[in-house]
Amino acid sequence: MTRFFLNDRARLTDVLQLLNRALVKFNARDFDADSVLLEALNGIIDTYKELGKSDRETQFLAMKAEWVTAHRGINPLTFEKVTVRRSEMTSGVAFRLLQRAEHLLTDDLAEAEGRIREAEGLVSQIIIAAFQAGLLKAVDLEKIKDPQTSGPLWDSLAADPNIVIGQKRAQLLVHRFDALIIFSDLLQRL
């Protein structure tokens, strides 16, 4: 089944905001930077679990374990007990975790954005072909208010054998709901 990329983008953007908050706290050396980082990691882990991306969930669980290990006074790289300069060690671990988390989140967000942009290009070609074939008219655009009202129109375009191929390709690229939302948005822009 194809992922619902608009949902993924929204959820990843939300957890990126959590990470941004943690970065701001870290940079300002706020007293609650540690708890905000832990809150961000928990939020990211929960989001990936809900999205069904167990590989990323595991990576962030490992990062959280690294953070917990550092707070217990054990260097997560050498596994030695740290008695001197413990706060410097935990600060270094926090910085490294923030960098890795930002990299992983922005990669996943870029993947979702790329898929959405590719689907927008494909759906715009479908709309143009539908206008050329006479399946879409200006009067149809007035009826479109949201993805629910555009669904029947999207389905009716499948009557044309050339357009149905484009629709299938779009729905292989993104989820049907993504395609409907993109279709509705593009029609409303016209």
# chains A, B, ... in the order shown; residues from 1 in each chain; ligands from 1
>>> residues_around(residues="Arg117 in chain A", least_positions_apart="5", cutoff="12 Å", atoms="only C-alpha atoms", output="MDAnalysis selection string")
chainID A and resid 5:6 9 110:112 122:124 170 173:174 178:179 182
>>> residues_around(residues="range 75-91 of chain A", least_positions_apart="5", cutoff="12 Å", atoms="only C-alpha atoms", output="NGL selection string")
:A and (23 or 25-27 or 29-30 or 33-34 or 37 or 62-70 or 96-98)
>>> write_last_selection(atoms="C-alpha atoms", output="CSV table (one decimal), in the first residue's frame")
chain,number,residue,atom,x,y,z
A,23,LEU,CA,17.9,23.0,19.4
A,25,LYS,CA,17.0,25.4,24.3
A,26,PHE,CA,20.4,23.7,23.7
A,27,ASN,CA,21.9,26.7,22.0
A,29,ARG,CA,22.0,26.5,27.4
A,30,ASP,CA,18.6,26.7,29.1
A,33,ALA,CA,17.2,21.7,27.6
A,34,ASP,CA,17.7,18.1,28.7
A,37,LEU,CA,15.4,17.0,24.1
A,62,ALA,CA,18.8,3.9,20.0
A,63,MET,CA,19.4,7.6,20.2
A,64,LYS,CA,17.3,7.9,23.3
A,65,ALA,CA,19.2,4.9,24.8
A,66,GLU,CA,22.4,6.8,24.1
A,67,TRP,CA,21.0,9.9,25.8
A,68,VAL,CA,19.8,7.9,28.9
A,69,THR,CA,23.2,6.1,29.1
A,70,ALA,CA,25.0,9.5,29.1
A,96,ARG,CA,25.5,14.8,18.4
A,97,LEU,CA,22.0,13.4,18.9
A,98,LEU,CA,20.4,16.7,17.8
>>> atom_distance(atom1="CA of Leu135 in chain A", atom2="CA of Ala158 in chain A")
9.9 Å
>>> residues_around(residues="Gly121 in chain A", least_positions_apart="4", cutoff="12 Å", atoms="only C-alpha atoms", output="list in words")
Gly114, Arg115, Ile116, Arg117, Gln125, Ile126, Ile127, Ile128, Gly166, Gln167, Arg169, Ala170, Leu173, Ala179, Ile182, Phe183 and Leu186 of chain A
>>> closest_residue(among="A:Asp55, A:Glu102, A:Phe60, A:Lys49", to="Leu18 in chain A", atoms="only C-alpha atoms")
A:Glu102
>>> closest_residue(among="A:Asp8, A:Asp32, A:Asp140, A:Glu118", to="Tyr48 in chain A", atoms="only C-alpha atoms")
A:Asp8
>>> select_by_dssp(residues="range 16-120 of chain A", states="alpha helix (DSSP H)", output="JSON, numbers by chain")
{"A": [16, 17, 18, 19, 20, 21, 22, 23, 24, 25, 26, 27, 28, 33, 34, 35, 36, 37, 38, 39, 40, 41, 42, 43, 44, 45, 46, 47, 48, 49, 50, 51, 54, 55, 56, 57, 58, 59, 60, 61, 62, 63, 64, 65, 66, 67, 68, 69, 70, 71, 86, 87, 88, 89, 90, 91, 92, 93, 94, 95, 96, 97, 98, 99, 100, 101, 102, 103, 104, 105, 106, 107, 108, 109, 110, 111, 112, 113, 114, 115, 116, 117, 118, 119, 120]}
>>> closest_residue(among="A:Asn162, A:Ala28, A:Leu61, A:Leu109", to="Val15 in chain A", atoms="only C-alpha atoms")
A:Leu109
>>> residues_around(residues="Lys145 in chain A", least_positions_apart="6", cutoff="12 Å", atoms="only C-alpha atoms", output="ChimeraX atom specification")
/A:151,153,181,183-189
>>> atom_distance(atom1="CA of Phe4 in chain A", atom2="CA of Phe177 in chain A")
7.0 Å
